[in-house]
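Only one structure is covered here, and it is reproduced in the block below.
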Amino acid sequence: LFGQPGTGKSEFVKYLGSELDRKVLVRRGSDILSKWVGGTEEKIASAFREAESEGAILFFDEIDGLVQSRENASASWEVSQVNELLQQMENFNGILVAATNFSKNLDPAIMRRFTFKCEFDFLEMEGKKLFFERTFNTQLSPAELRELDELQNLTPGDFRTVRQAQFYLAEHQDNGSRIAALRQECGMKDGGRRVARIGFAA
């Protein structure tokens, strides 16, 4: 799973686990990386063993923090970490999901081993309207819909951020102030411009 932050990659894995009635075993770089030689490789192998024994979905969140492309490696242990992950992926009898905001940093051999490569993009208008009305329990007027439609790089995470901020800070909440807050979130992303897609397809 790849795409901009806040687009719902981690939430999707939770949903997948719920739909399949399987535990989701989450591992991040901070869980796996070790300062000892060989320690990271052992933790990678242990994560796969644990997931397989429990019939769990193994989810590497922000996998780019764990393994980078071997072309950019400057130490032998960086290469061995990627090799260990590749070997475990090859022999794993279970469901493996990984998420990244930086898929171009991953080793091509790792990318090839994933059957599906799914992009989580910014919301289209239908999604923006749905998230707005459900998040804030409101209805949008035609004029407000046009304003919302102008925001071109919204993510589900933006709605959650605005809801939390307005809960704590806003004395008066209406659709206008919510749209203004969402516009501010958009303005913090690449100067408010739509970020170019990465060249993968589901």
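Identifiers for the structure tokens are assigned positionally: chains receive A, B, ... in sequence, residues are indexed from 1 per chain, and ligands are indexed from 1 in the order shown.
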
query: In region 76-142 of chain A, what's helix (DSSP H, G or I) per DSSP? Answer as an MDAnalysis selection string?
result: chainID A and resid 76:91 103:105 108:113 125:136 142

- prompt: Using only C-alpha atoms, which residues sit within 8 Å of Asp158 (chain A) once same-chain residues fewer than 5 positions away are excluded, as a list in words?
  reply: Gly6, Leu182 and Glu185 of chain A

- prompt: Suppose you want the space between CA of Lys23 (chain A) and CA of Glu41 (chain A); what is it in Å?
  reply: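 So the answer is 23.2 Å.
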
message: Taking 5 positions as the minimum chain separation for residues in the same chain, which residues sit within 7 Å of region 125-139 of chain A when counting only C-alpha atoms? Answer as a PyMOL selection string.
response: chain A and resi 149+156+159

task: For region 93-107 of chain A, work out the shell of residues within 7 Å, counting only C-alpha atoms and skipping chain neighbours fewer than 4 positions away, then give it as a ChimeraX atom specification.
output: /A:1-5,9,52,55,57-64,67-70,111

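Here CA of Glu90 (chain A) stands at a distance of 28.5 Å from CA of Thr7 (chain A).
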
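The residues of region 10-162 of chain A that DSSP assigns to strand (DSSP E or B) on this backbone come out as Val24, Leu25, Val26, Arg27, Ile57, Leu58, Phe59, Phe60, Ile95, Leu96, Val97, Ala98, Thr100, Glu119 and Phe120 of chain A.
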
If you keep N, CA and C atoms, can you produce a file of those selected residues as an mmCIF file, in the first residue's frame?
```
data_model
loop_
_atom_site.group_PDB
_atom_site.id
_atom_site.type_symbol
_atom_site.label_atom_id
_atom_site.label_comp_id
_atom_site.auth_asym_id
_atom_site.auth_seq_id
_atom_site.Cartn_x
_atom_site.Cartn_y
_atom_site.Cartn_z
ATOM 1 N N VAL A 24 -4.251 -8.660 13.378
ATOM 2 C CA VAL A 24 -3.246 -7.932 12.603
ATOM 3 C C VAL A 24 -2.025 -7.718 13.486
ATOM 4 N N LEU A 25 -0.926 -8.312 13.085
ATOM 5 C CA LEU A 25 0.337 -8.180 13.815
ATOM 6 C C LEU A 25 1.127 -7.040 13.185
ATOM 7 N N VAL A 26 1.203 -5.906 13.886
ATOM 8 C CA VAL A 26 1.838 -4.703 13.339
ATOM 9 C C VAL A 26 3.307 -4.653 13.767
ATOM 10 N N ARG A 27 4.164 -4.415 12.807
ATOM 11 C CA ARG A 27 5.580 -4.232 13.085
ATOM 12 C C ARG A 27 6.075 -3.002 12.333
ATOM 13 N N ILE A 57 -2.458 -11.578 10.091
ATOM 14 C CA ILE A 57 -1.947 -10.750 9.002
ATOM 15 C C ILE A 57 -0.701 -10.026 9.517
ATOM 16 N N LEU A 58 0.409 -10.170 8.836
ATOM 17 C CA LEU A 58 1.634 -9.467 9.218
ATOM 18 C C LEU A 58 1.666 -8.141 8.472
ATOM 19 N N PHE A 59 1.706 -7.056 9.223
ATOM 20 C CA PHE A 59 1.657 -5.721 8.632
ATOM 21 C C PHE A 59 2.907 -4.946 8.986
ATOM 22 N N PHE A 60 3.741 -4.673 7.975
ATOM 23 C CA PHE A 60 4.910 -3.814 8.157
ATOM 24 C C PHE A 60 4.492 -2.387 7.823
ATOM 25 N N ILE A 95 -0.601 -14.002 5.089
ATOM 26 C CA ILE A 95 -0.926 -12.731 4.445
ATOM 27 C C ILE A 95 0.034 -11.656 4.955
ATOM 28 N N LEU A 96 0.736 -11.040 4.032
ATOM 29 C CA LEU A 96 1.678 -9.973 4.359
ATOM 30 C C LEU A 96 1.222 -8.687 3.687
ATOM 31 N N VAL A 97 1.162 -7.609 4.457
ATOM 32 C CA VAL A 97 0.834 -6.288 3.925
ATOM 33 C C VAL A 97 1.909 -5.318 4.402
ATOM 34 N N ALA A 98 2.293 -4.419 3.541
ATOM 35 C CA ALA A 98 3.247 -3.376 3.917
ATOM 36 C C ALA A 98 2.711 -2.032 3.445
ATOM 37 N N THR A 100 3.814 2.250 2.860
ATOM 38 C CA THR A 100 4.899 3.217 2.773
ATOM 39 C C THR A 100 4.395 4.516 2.158
ATOM 40 N N GLU A 119 -2.370 1.959 -4.725
ATOM 41 C CA GLU A 119 -2.148 3.362 -4.398
ATOM 42 C C GLU A 119 -3.350 3.928 -3.652
ATOM 43 N N PHE A 120 -3.066 4.641 -2.566
ATOM 44 C CA PHE A 120 -4.086 5.365 -1.810
ATOM 45 C C PHE A 120 -3.908 6.842 -2.150
#
```
